[in-house]
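S.K.: Structure supplied as upload-v8.cif; contents: mmCIF, C-alpha atoms and all ligand atoms; chains and numbers go by the auth columns.
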```
data_protein
#
loop_
_atom_site.group_PDB
_atom_site.id
_atom_site.type_symbol
_atom_site.label_atom_id
_atom_site.label_comp_id
_atom_site.label_asym_id
_atom_site.label_seq_id
_atom_site.Cartn_x
_atom_site.Cartn_y
_atom_site.Cartn_z
_atom_site.B_iso_or_equiv
_atom_site.auth_seq_id
_atom_site.auth_asym_id
ATOM 1 C CA MET A 1 0.000 0.000 0.000 0.00 997 A
ATOM 2 C CA LYS A 2 2.756 2.357 0.994 0.00 998 A
ATOM 3 C CA VAL A 3 4.688 1.579 -2.216 0.00 999 A
ATOM 4 C CA LYS A 4 1.534 2.137 -4.276 0.00 1000 A
ATOM 5 C CA SER A 5 0.923 5.566 -2.697 0.00 1001 A
ATOM 6 C CA LEU A 6 4.509 6.558 -3.304 0.00 1002 A
ATOM 7 C CA MET A 7 4.189 5.455 -6.924 0.00 1003 A
ATOM 8 C CA MET A 8 0.996 7.503 -7.311 0.00 1004 A
ATOM 9 C CA LEU A 9 2.691 10.523 -5.781 0.00 1005 A
ATOM 10 C CA PHE A 10 5.639 10.148 -8.126 0.00 1006 A
ATOM 11 C CA VAL A 11 3.381 9.796 -11.196 0.00 1007 A
ATOM 12 C CA SER A 12 1.337 12.888 -10.220 0.00 1008 A
ATOM 13 C CA PHE A 13 4.543 14.814 -9.707 0.00 1009 A
ATOM 14 C CA ILE A 14 5.743 13.918 -13.244 0.00 1010 A
ATOM 15 C CA VAL A 15 2.323 14.763 -14.764 0.00 1011 A
ATOM 16 C CA MET A 16 2.204 18.117 -12.925 0.00 1012 A
ATOM 17 C CA SER A 17 5.753 18.970 -14.006 0.00 1013 A
ATOM 18 C CA VAL A 18 5.057 18.206 -17.666 0.00 1014 A
ATOM 19 C CA PHE A 19 1.812 20.208 -17.493 0.00 1015 A
ATOM 20 C CA ASN A 20 3.562 23.111 -15.819 0.00 1016 A
ATOM 21 C CA TYR A 21 6.346 23.105 -18.395 0.00 1017 A
ATOM 22 C CA ALA A 22 3.885 23.025 -21.310 0.00 1018 A
ATOM 23 C CA ALA A 23 1.608 25.670 -19.814 0.00 1019 A
ATOM 24 C CA LYS A 24 4.444 28.004 -18.870 0.00 1020 A
ATOM 25 C CA PRO A 25 4.212 31.271 -20.808 0.00 1021 A
ATOM 26 C CA PRO A 26 7.366 32.570 -22.564 0.00 1022 A
ATOM 27 C CA ALA A 27 9.833 34.109 -20.106 0.00 1023 A
ATOM 28 C CA ASP A 28 9.502 37.671 -21.340 0.00 1024 A
ATOM 29 C CA GLU A 29 7.075 38.784 -24.045 0.00 1025 A
ATOM 30 C CA ALA A 30 8.860 42.091 -24.651 0.00 1026 A
ATOM 31 C CA THR A 31 12.221 40.426 -25.293 0.00 1027 A
ATOM 32 C CA ILE A 32 10.649 37.802 -27.551 0.00 1028 A
ATOM 33 C CA LYS A 33 9.039 40.585 -29.568 0.00 1029 A
ATOM 34 C CA ASN A 34 12.420 42.341 -29.726 0.00 1030 A
ATOM 35 C CA ILE A 35 14.253 39.184 -30.853 0.00 1031 A
ATOM 36 C CA LYS A 36 11.713 38.750 -33.641 0.00 1032 A
ATOM 37 C CA ALA A 37 12.161 42.382 -34.717 0.00 1033 A
ATOM 38 C CA ALA A 38 15.939 41.875 -34.659 0.00 1034 A
ATOM 39 C CA ILE A 39 15.664 38.725 -36.823 0.00 1035 A
ATOM 40 C CA THR A 40 13.575 40.668 -39.350 0.00 1036 A
ATOM 41 C CA GLY A 41 16.010 43.608 -39.277 0.00 1037 A
ATOM 42 C CA GLU A 42 19.154 41.506 -39.645 0.00 1038 A
ATOM 43 C CA SER A 43 17.700 39.208 -42.344 0.00 1039 A
ATOM 44 C CA THR A 44 16.587 42.260 -44.316 0.00 1040 A
ATOM 45 C CA ALA A 45 19.972 43.967 -43.859 0.00 1041 A
ATOM 46 C CA SER A 46 21.779 40.833 -45.047 0.00 1042 A
ATOM 47 C CA ALA A 47 19.674 40.517 -48.222 0.00 1043 A
ATOM 48 C CA LYS A 48 19.840 44.271 -48.840 0.00 1044 A
ATOM 49 C CA TYR A 49 23.626 44.509 -48.515 0.00 1045 A
ATOM 50 C CA ALA A 50 24.041 41.512 -50.864 0.00 1046 A
ATOM 51 C CA ALA A 51 21.949 43.404 -53.443 0.00 1047 A
ATOM 52 C CA TYR A 52 23.918 46.615 -52.775 0.00 1048 A
ATOM 53 C CA ALA A 53 27.172 44.652 -53.358 0.00 1049 A
ATOM 54 C CA LYS A 54 25.897 43.516 -56.747 0.00 1050 A
ATOM 55 C CA LYS A 55 24.955 47.096 -57.630 0.00 1051 A
ATOM 56 C CA ALA A 56 28.366 48.433 -56.511 0.00 1052 A
ATOM 57 C CA LYS A 57 30.089 45.890 -58.761 0.00 1053 A
ATOM 58 C CA GLU A 58 27.912 46.983 -61.696 0.00 1054 A
ATOM 59 C CA GLU A 59 28.957 50.575 -61.062 0.00 1055 A
ATOM 60 C CA GLY A 60 32.645 49.571 -60.902 0.00 1056 A
ATOM 61 C CA TYR A 61 33.054 50.101 -57.137 0.00 1057 A
ATOM 62 C CA ASN A 62 34.651 46.732 -56.389 0.00 1058 A
ATOM 63 C CA LYS A 63 36.025 47.688 -52.971 0.00 1059 A
ATOM 64 C CA ILE A 64 32.687 49.057 -51.777 0.00 1060 A
ATOM 65 C CA ALA A 65 31.133 45.821 -53.079 0.00 1061 A
ATOM 66 C CA LEU A 66 33.515 43.890 -50.797 0.00 1062 A
ATOM 67 C CA LEU A 67 32.392 45.905 -47.763 0.00 1063 A
ATOM 68 C CA PHE A 68 28.727 45.254 -48.574 0.00 1064 A
ATOM 69 C CA GLU A 69 29.489 41.530 -48.997 0.00 1065 A
ATOM 70 C CA ALA A 70 31.298 41.375 -45.648 0.00 1066 A
ATOM 71 C CA ALA A 71 28.488 43.246 -43.870 0.00 1067 A
ATOM 72 C CA SER A 72 25.894 41.000 -45.536 0.00 1068 A
ATOM 73 C CA LYS A 73 27.704 37.942 -44.144 0.00 1069 A
ATOM 74 C CA SER A 74 27.925 39.581 -40.725 0.00 1070 A
ATOM 75 C CA GLU A 75 24.191 40.407 -40.608 0.00 1071 A
ATOM 76 C CA SER A 76 23.342 36.823 -41.562 0.00 1072 A
ATOM 77 C CA ILE A 77 25.379 35.658 -38.547 0.00 1073 A
ATOM 78 C CA HIS A 78 23.400 38.057 -36.322 0.00 1074 A
ATOM 79 C CA ALA A 79 20.108 36.767 -37.735 0.00 1075 A
ATOM 80 C CA GLY A 80 21.257 33.174 -37.080 0.00 1076 A
ATOM 81 C CA ASN A 81 22.269 34.002 -33.500 0.00 1077 A
ATOM 82 C CA HIS A 82 18.941 35.724 -32.807 0.00 1078 A
ATOM 83 C CA ARG A 83 17.082 32.722 -34.262 0.00 1079 A
ATOM 84 C CA ALA A 84 19.050 30.373 -32.009 0.00 1080 A
ATOM 85 C CA ALA A 85 18.202 32.565 -28.991 0.00 1081 A
ATOM 86 C CA LEU A 86 14.510 32.495 -29.890 0.00 1082 A
ATOM 87 C CA GLU A 87 14.622 28.701 -30.297 0.00 1083 A
ATOM 88 C CA GLN A 88 16.205 28.345 -26.861 0.00 1084 A
ATOM 89 C CA LEU A 89 13.235 30.271 -25.477 0.00 1085 A
ATOM 90 C CA GLY A 90 10.931 27.767 -27.177 0.00 1086 A
ATOM 91 C CA VAL A 91 9.442 30.231 -29.683 0.00 1087 A
ATOM 92 C CA THR A 92 9.162 29.784 -33.465 0.00 1088 A
ATOM 93 C CA MET A 93 9.784 32.659 -35.869 0.00 1089 A
ATOM 94 C CA GLU A 94 7.366 33.581 -38.649 0.00 1090 A
ATOM 95 C CA LYS A 95 8.642 33.711 -42.242 0.00 1091 A
ATOM 96 C CA VAL A 96 10.608 36.883 -43.031 0.00 1092 A
ATOM 97 C CA THR A 97 10.187 38.563 -46.418 0.00 1093 A
ATOM 98 C CA PRO A 98 12.904 41.230 -46.797 0.00 1094 A
ATOM 99 C CA LYS A 99 11.673 44.524 -48.264 0.00 1095 A
ATOM 100 C CA PHE A 100 14.157 47.069 -49.612 0.00 1096 A
ATOM 101 C CA GLU A 101 15.002 49.187 -52.620 0.00 1097 A
ATOM 102 C CA VAL A 102 18.298 49.259 -54.550 0.00 1098 A
ATOM 103 C CA LYS A 103 19.392 52.720 -55.695 0.00 1099 A
ATOM 104 C CA SER A 104 22.805 54.148 -56.712 0.00 1100 A
ATOM 105 C CA THR A 105 25.823 53.037 -54.663 0.00 1101 A
ATOM 106 C CA LYS A 106 26.081 56.511 -53.123 0.00 1102 A
ATOM 107 C CA GLU A 107 22.436 56.378 -52.007 0.00 1103 A
ATOM 108 C CA ASN A 108 22.850 52.739 -50.897 0.00 1104 A
ATOM 109 C CA LEU A 109 25.783 53.743 -48.687 0.00 1105 A
ATOM 110 C CA GLU A 110 23.752 56.614 -47.217 0.00 1106 A
ATOM 111 C CA ASP A 111 20.948 54.147 -46.503 0.00 1107 A
ATOM 112 C CA ALA A 112 23.433 51.732 -44.882 0.00 1108 A
ATOM 113 C CA VAL A 113 24.806 54.490 -42.595 0.00 1109 A
ATOM 114 C CA LYS A 114 21.238 55.419 -41.645 0.00 1110 A
ATOM 115 C CA GLY A 115 20.289 51.779 -40.893 0.00 1111 A
ATOM 116 C CA GLU A 116 23.381 51.103 -38.795 0.00 1112 A
ATOM 117 C CA SER A 117 22.957 54.409 -36.941 0.00 1113 A
ATOM 118 C CA TYR A 118 19.403 53.477 -35.946 0.00 1114 A
ATOM 119 C CA GLU A 119 20.548 50.059 -34.682 0.00 1115 A
ATOM 120 C CA VAL A 120 23.444 51.565 -32.713 0.00 1116 A
ATOM 121 C CA SER A 121 21.670 54.574 -31.209 0.00 1117 A
ATOM 122 C CA THR A 122 18.133 53.273 -30.640 0.00 1118 A
ATOM 123 C CA MET A 123 17.274 49.675 -31.455 0.00 1119 A
ATOM 124 C CA TYR A 124 19.938 47.579 -29.747 0.00 1120 A
ATOM 125 C CA PRO A 125 20.363 49.835 -26.677 0.00 1121 A
ATOM 126 C CA ASN A 126 16.601 49.478 -26.034 0.00 1122 A
ATOM 127 C CA PHE A 127 16.590 45.728 -26.685 0.00 1123 A
ATOM 128 C CA ILE A 128 19.611 45.241 -24.399 0.00 1124 A
ATOM 129 C CA LYS A 129 18.032 47.319 -21.635 0.00 1125 A
ATOM 130 C CA THR A 130 14.849 45.201 -21.667 0.00 1126 A
ATOM 131 C CA ALA A 131 16.667 41.844 -21.893 0.00 1127 A
ATOM 132 C CA ASN A 132 18.941 42.936 -19.060 0.00 1128 A
ATOM 133 C CA LYS A 133 16.039 44.030 -16.849 0.00 1129 A
ATOM 134 C CA ASN A 134 14.224 40.733 -17.441 0.00 1130 A
ATOM 135 C CA LYS A 135 17.433 38.646 -17.248 0.00 1131 A
ATOM 136 C CA VAL A 136 17.061 36.919 -20.628 0.00 1132 A
ATOM 137 C CA ASN A 137 20.729 36.042 -20.858 0.00 1133 A
ATOM 138 C CA ILE A 138 20.731 34.315 -24.249 0.00 1134 A
ATOM 139 C CA ALA A 139 19.082 37.366 -25.858 0.00 1135 A
ATOM 140 C CA LEU A 140 21.543 39.678 -24.092 0.00 1136 A
ATOM 141 C CA ILE A 141 24.500 37.808 -25.611 0.00 1137 A
ATOM 142 C CA SER A 142 23.004 37.823 -29.099 0.00 1138 A
ATOM 143 C CA PHE A 143 21.962 41.510 -28.941 0.00 1139 A
ATOM 144 C CA ASN A 144 25.390 42.500 -27.643 0.00 1140 A
ATOM 145 C CA TYR A 145 27.240 40.681 -30.429 0.00 1141 A
ATOM 146 C CA ALA A 146 25.131 42.559 -32.986 0.00 1142 A
ATOM 147 C CA PHE A 147 25.306 45.905 -31.161 0.00 1143 A
ATOM 148 C CA GLN A 148 29.127 45.855 -30.901 0.00 1144 A
ATOM 149 C CA THR A 149 29.423 44.871 -34.577 0.00 1145 A
ATOM 150 C CA GLU A 150 26.975 47.457 -35.930 0.00 1146 A
ATOM 151 C CA LYS A 151 29.042 50.211 -34.304 0.00 1147 A
ATOM 152 C CA LYS A 152 31.939 49.096 -36.514 0.00 1148 A
ATOM 153 C CA HIS A 153 29.735 48.773 -39.603 0.00 1149 A
ATOM 154 C CA LYS A 154 28.541 52.333 -39.134 0.00 1150 A
ATOM 155 C CA VAL A 155 32.134 53.634 -39.187 0.00 1151 A
ATOM 156 C CA LEU A 156 33.124 51.409 -42.140 0.00 1152 A
ATOM 157 C CA TYR A 157 30.160 52.684 -44.174 0.00 1153 A
ATOM 158 C CA GLN A 158 30.892 56.312 -43.236 0.00 1154 A
ATOM 159 C CA HIS A 159 34.497 55.890 -44.435 0.00 1155 A
ATOM 160 C CA ALA A 160 33.332 54.230 -47.653 0.00 1156 A
ATOM 161 C CA LEU A 161 30.865 57.048 -48.325 0.00 1157 A
ATOM 162 C CA GLN A 162 33.550 59.659 -47.735 0.00 1158 A
ATOM 163 C CA ALA A 163 35.962 57.794 -50.036 0.00 1159 A
ATOM 164 C CA LEU A 164 33.292 57.616 -52.743 0.00 1160 A
ATOM 165 C CA ASN A 165 32.501 61.339 -52.437 0.00 1161 A
ATOM 166 C CA GLU A 166 36.204 62.213 -52.649 0.00 1162 A
ATOM 167 C CA GLY A 167 36.939 59.821 -55.525 0.00 1163 A
ATOM 168 C CA LYS A 168 39.249 57.778 -53.286 0.00 1164 A
ATOM 169 C CA GLU A 169 37.476 54.423 -53.444 0.00 1165 A
ATOM 170 C CA ASN A 170 40.795 52.729 -54.235 0.00 1166 A
ATOM 171 C CA ASN A 171 42.134 53.580 -50.749 0.00 1167 A
ATOM 172 C CA LEU A 172 39.518 51.288 -49.148 0.00 1168 A
ATOM 173 C CA ALA A 173 40.391 47.792 -47.877 0.00 1169 A
ATOM 174 C CA SER A 174 40.648 44.959 -50.382 0.00 1170 A
ATOM 175 C CA LYS A 175 40.002 42.282 -47.758 0.00 1171 A
ATOM 176 C CA TYR A 176 37.556 41.857 -44.853 0.00 1172 A
ATOM 177 C CA MET A 177 37.408 39.202 -42.141 0.00 1173 A
ATOM 178 C CA VAL A 178 34.108 38.355 -40.434 0.00 1174 A
ATOM 179 C CA CYS A 179 33.839 36.437 -37.146 0.00 1175 A
ATOM 180 C CA SER A 180 31.649 33.361 -37.535 0.00 1176 A
ATOM 181 C CA THR A 181 30.508 33.634 -33.893 0.00 1177 A
ATOM 182 C CA CYS A 182 29.501 37.291 -33.512 0.00 1178 A
ATOM 183 C CA GLY A 183 29.768 38.855 -36.976 0.00 1179 A
ATOM 184 C CA ASN A 184 32.571 41.227 -35.906 0.00 1180 A
ATOM 185 C CA THR A 185 33.987 42.740 -39.091 0.00 1181 A
ATOM 186 C CA TYR A 186 37.631 43.724 -39.657 0.00 1182 A
ATOM 187 C CA ASP A 187 38.874 45.655 -42.680 0.00 1183 A
ATOM 188 C CA GLY A 188 42.058 43.713 -43.364 0.00 1184 A
ATOM 189 C CA GLU A 189 43.496 40.961 -41.194 0.00 1185 A
ATOM 190 C CA ALA A 190 41.668 39.962 -37.998 0.00 1186 A
ATOM 191 C CA PRO A 191 43.639 39.650 -34.736 0.00 1187 A
ATOM 192 C CA ALA A 192 44.421 36.181 -33.304 0.00 1188 A
ATOM 193 C CA ARG A 193 41.152 36.339 -31.332 0.00 1189 A
ATOM 194 C CA CYS A 194 37.954 38.261 -32.051 0.00 1190 A
ATOM 195 C CA GLY A 195 37.787 41.531 -30.108 0.00 1191 A
ATOM 196 C CA ILE A 196 34.135 40.893 -29.238 0.00 1192 A
ATOM 197 C CA SER A 197 33.673 37.126 -28.821 0.00 1193 A
ATOM 198 C CA MET A 198 37.289 35.850 -28.411 0.00 1194 A
ATOM 199 C CA THR A 199 36.771 33.467 -31.350 0.00 1195 A
ATOM 200 C CA PRO A 200 40.102 32.318 -32.901 0.00 1196 A
ATOM 201 C CA ARG A 201 40.986 33.815 -36.296 0.00 1197 A
ATOM 202 C CA ASP A 202 40.829 30.436 -38.053 0.00 1198 A
ATOM 203 C CA ARG A 203 37.067 30.553 -37.549 0.00 1199 A
ATOM 204 C CA PHE A 204 36.697 33.854 -39.402 0.00 1200 A
ATOM 205 C CA VAL A 205 35.306 34.123 -42.930 0.00 1201 A
ATOM 206 C CA THR A 206 37.548 36.001 -45.385 0.00 1202 A
ATOM 207 C CA ILE A 207 36.000 38.197 -48.079 0.00 1203 A
ATOM 208 C CA GLU A 208 38.422 39.401 -50.746 0.00 1204 A
HETATM 209 FE FE FE B . 25.551 45.976 -39.579 0.00 1301 A
HETATM 210 FE FE FE B . 33.496 37.412 -32.702 0.00 1302 A
#
```
Starting from the file, lay out its structure as structure tokens.
Ligand SMILES: [Fe+2]
Ligand SMILES: [Fe+2]

M.R.:
Amino acid sequence: MKVKSLMMLFVSFIVMSVFNYAAKPPADEATIKNIKAAITGESTASAKYAAYAKKAKEEGYNKIALLFEAASKSESIHAGNHRAALEQLGVTMEKVTPKFEVKSTKENLEDAVKGESYEVSTMYPNFIKTANKNKVNIALISFNYAFQTEKKHKVLYQHALQALNEGKENNLASKYMVCSTCGNTYDGEAPARCGISMTPRDRFVTIE
């Protein structure tokens, strides 16, 4: 009898735990919404920069094309990280359809500076603040990787725009290295370890 009661107690405990786990709402609705917005933003940026790279090549700006290609790769890494974070929180992402317009390379660079500036000054600081407040660690890591990288993208695009305006496109880098962990982007050779995620250089992607 005693064994039977213990068995019953054990079974109810398992049933209750499974029910509790299944019924548990997502940890933090605001952060989940932010991760989804970040996936949409990064997926769109990746597709957009790939299209801008093609356009730059058509216009004969091969070095600016390289920068767009490197940034496109980087944004796809951010999108992948954000997706992984969302999966860890047990949430599925809806299909993303990137919407953007390809103009002249000069206008595309201006658009890129604008996009990166928004991410650096508004979007990621807000997302990080919320994830930090609600202690969603996986989102914090993913947001931070993107935030630190976008700061560098902003500067790289500003330099490229200046070079284009001054007819000095040839002075731009002819090689970029992108960290496969965090998307960190170096114009030229990467250091032995990524400055953001400590990833060894042999796990970087080279664009040249
Ligand atoms: Fe970026
Ligand atoms: Fe990294």

S.K.: Given the file above and the PyMOL selection byres (((chain A and resi 1137-1142) around 8) and not hetatm), which residues are selected, and can you give them as an MDAnalysis selection string?

M.R.: chainID A and resid 1071 1074 1077:1078 1081 1120 1123:1124 1133:1136 1143:1146 1178:1180 1192:1193

S.K.: Do you know which residues the PyMOL selection byres (((not hetatm)) within 10 of (chain A and resi 1301)) returns on this file, as a ChimeraX atom specification?

M.R.: /A:1037-1038,1041-1042,1045,1064,1066-1072,1074,1108-1109,1111-1113,1115-1116,1142-1150,1152-1153,1179-1181

S.K.: Would you kindly translate the PyMOL selection byres (((chain A and resi 1029) around 12) and not hetatm) into the concrete residues it picks from this file, as a PDB file with C-alpha atoms, keeping the file's coordinate frame?

M.R.:
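After the write, selection08.pdb holds the following:
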```
ATOM      1  CA  PRO A1022       7.366  32.570 -22.564  1.00  0.00           C
ATOM      2  CA  ALA A1023       9.833  34.109 -20.106  1.00  0.00           C
ATOM      3  CA  ASP A1024       9.502  37.671 -21.340  1.00  0.00           C
ATOM      4  CA  GLU A1025       7.075  38.784 -24.045  1.00  0.00           C
ATOM      5  CA  ALA A1026       8.860  42.091 -24.651  1.00  0.00           C
ATOM      6  CA  THR A1027      12.221  40.426 -25.293  1.00  0.00           C
ATOM      7  CA  ILE A1028      10.649  37.802 -27.551  1.00  0.00           C
ATOM      8  CA  ASN A1030      12.420  42.341 -29.726  1.00  0.00           C
ATOM      9  CA  ILE A1031      14.253  39.184 -30.853  1.00  0.00           C
ATOM     10  CA  LYS A1032      11.713  38.750 -33.641  1.00  0.00           C
ATOM     11  CA  ALA A1033      12.161  42.382 -34.717  1.00  0.00           C
ATOM     12  CA  ALA A1034      15.939  41.875 -34.659  1.00  0.00           C
ATOM     13  CA  ILE A1035      15.664  38.725 -36.823  1.00  0.00           C
ATOM     14  CA  THR A1036      13.575  40.668 -39.350  1.00  0.00           C
ATOM     15  CA  HIS A1078      18.941  35.724 -32.807  1.00  0.00           C
ATOM     16  CA  LEU A1082      14.510  32.495 -29.890  1.00  0.00           C
ATOM     17  CA  LEU A1085      13.235  30.271 -25.477  1.00  0.00           C
ATOM     18  CA  VAL A1087       9.442  30.231 -29.683  1.00  0.00           C
ATOM     19  CA  THR A1088       9.162  29.784 -33.465  1.00  0.00           C
ATOM     20  CA  MET A1089       9.784  32.659 -35.869  1.00  0.00           C
ATOM     21  CA  GLU A1090       7.366  33.581 -38.649  1.00  0.00           C
ATOM     22  CA  PHE A1123      16.590  45.728 -26.685  1.00  0.00           C
ATOM     23  CA  THR A1126      14.849  45.201 -21.667  1.00  0.00           C
ATOM     24  CA  ALA A1127      16.667  41.844 -21.893  1.00  0.00           C
ATOM     25  CA  ALA A1135      19.082  37.366 -25.858  1.00  0.00           C
TER      26      ALA A1135
END
```

S.K.: With distances taken over only C-alpha atoms and all ligand atoms, which residue among A:Asn1058, A:Gln1084, A:Thr1040, A:Ser1176 lies nearest ligand FE 1302 (chain A)?

M.R.: A:Ser1176

S.K.: Which distance in Å separates atom CA of Ala1169 of chain A and atom CA of Lys1059 of chain A, to one decimal?

M.R.: 6.7 Å

S.K.: Please, what distance in Å, to one decimal, runs between atom FE of ligand FE 1302 (chain A) and atom CA of Lys1110 of chain A?

M.R.: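 Taking atom FE of ligand FE 1302 (chain A) as the start and atom CA of Lys1110 of chain A as the end point, the length is 23.5 Å.
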
S.K.: How many Å separate atom CA of Ala1075 of chain A from atom CA of Lys1091 of chain A?

M.R.: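 These two atoms are separated by 12.7 Å.
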
S.K.: Could you check the closest approach to Lys1053 of chain A for each of A:Val1151, A:Thr1101, A:Lys1125, A:Ile1073 and tell me which residue wins, using only C-alpha atoms?

M.R.: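 Result for the nearest residue to Lys1053 of chain A: A:Thr1101.
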
S.K.: Would you mind listing what lies within 8 Å of segment 1160-1166 of chain A as a PyMOL selection string, with all atoms listed in the file counted and same-chain residues fewer than 5 positions away left out?

M.R.: chain A and resi 1057+1059-1060+1102

S.K.: What lies within 10 Å of Val1098 of chain A using all atoms listed in the file, ignoring chain neighbours under 3 positions off, as a ChimeraX atom specification?

M.R.: /A:1044-1045,1047-1048,1050-1051,1101,1103-1104,1107

S.K.: Using the partial input, fill out segment 1185-1196 of chain A with N, CA and C atoms; write the result as a JSON list (two decimals), in the coordinates of the input.

M.R.:
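Contents of rebuild14.json, freshly written:
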```json
[["chain", "number", "residue", "atom", "x", "y", "z"],
["A", 1185, "GLU", "N", 43.29, 42.19, -41.97],
["A", 1185, "GLU", "CA", 43.50, 40.96, -41.19],
["A", 1185, "GLU", "C", 42.88, 41.07, -39.79],
["A", 1186, "ALA", "N", 42.22, 40.01, -39.36],
["A", 1186, "ALA", "CA", 41.67, 39.96, -38.00],
["A", 1186, "ALA", "C", 42.79, 39.64, -37.01],
["A", 1187, "PRO", "N", 42.63, 40.05, -35.74],
["A", 1187, "PRO", "CA", 43.64, 39.65, -34.74],
["A", 1187, "PRO", "C", 43.53, 38.14, -34.44],
["A", 1188, "ALA", "N", 44.42, 37.62, -33.61],
["A", 1188, "ALA", "CA", 44.42, 36.18, -33.30],
["A", 1188, "ALA", "C", 43.09, 35.73, -32.70],
["A", 1189, "ARG", "N", 42.47, 36.63, -31.92],
["A", 1189, "ARG", "CA", 41.15, 36.34, -31.33],
["A", 1189, "ARG", "C", 40.21, 37.51, -31.58],
["A", 1190, "CYS", "N", 38.95, 37.22, -31.82],
["A", 1190, "CYS", "CA", 37.95, 38.26, -32.05],
["A", 1190, "CYS", "C", 37.89, 39.22, -30.85],
["A", 1191, "GLY", "N", 37.85, 40.51, -31.15],
["A", 1191, "GLY", "CA", 37.79, 41.53, -30.11],
["A", 1191, "GLY", "C", 36.45, 41.59, -29.38],
["A", 1192, "ILE", "N", 35.45, 40.89, -29.89],
["A", 1192, "ILE", "CA", 34.14, 40.89, -29.24],
["A", 1192, "ILE", "C", 33.85, 39.54, -28.58],
["A", 1193, "SER", "N", 34.09, 38.45, -29.33],
["A", 1193, "SER", "CA", 33.67, 37.13, -28.82],
["A", 1193, "SER", "C", 34.84, 36.19, -28.50],
["A", 1194, "MET", "N", 36.10, 36.66, -28.69],
["A", 1194, "MET", "CA", 37.29, 35.85, -28.41],
["A", 1194, "MET", "C", 37.46, 34.65, -29.35],
["A", 1195, "THR", "N", 36.68, 34.59, -30.41],
["A", 1195, "THR", "CA", 36.77, 33.47, -31.35],
["A", 1195, "THR", "C", 38.12, 33.49, -32.08],
["A", 1196, "PRO", "N", 38.81, 32.33, -32.19],
["A", 1196, "PRO", "CA", 40.10, 32.32, -32.90],
["A", 1196, "PRO", "C", 39.96, 32.69, -34.38]]
```
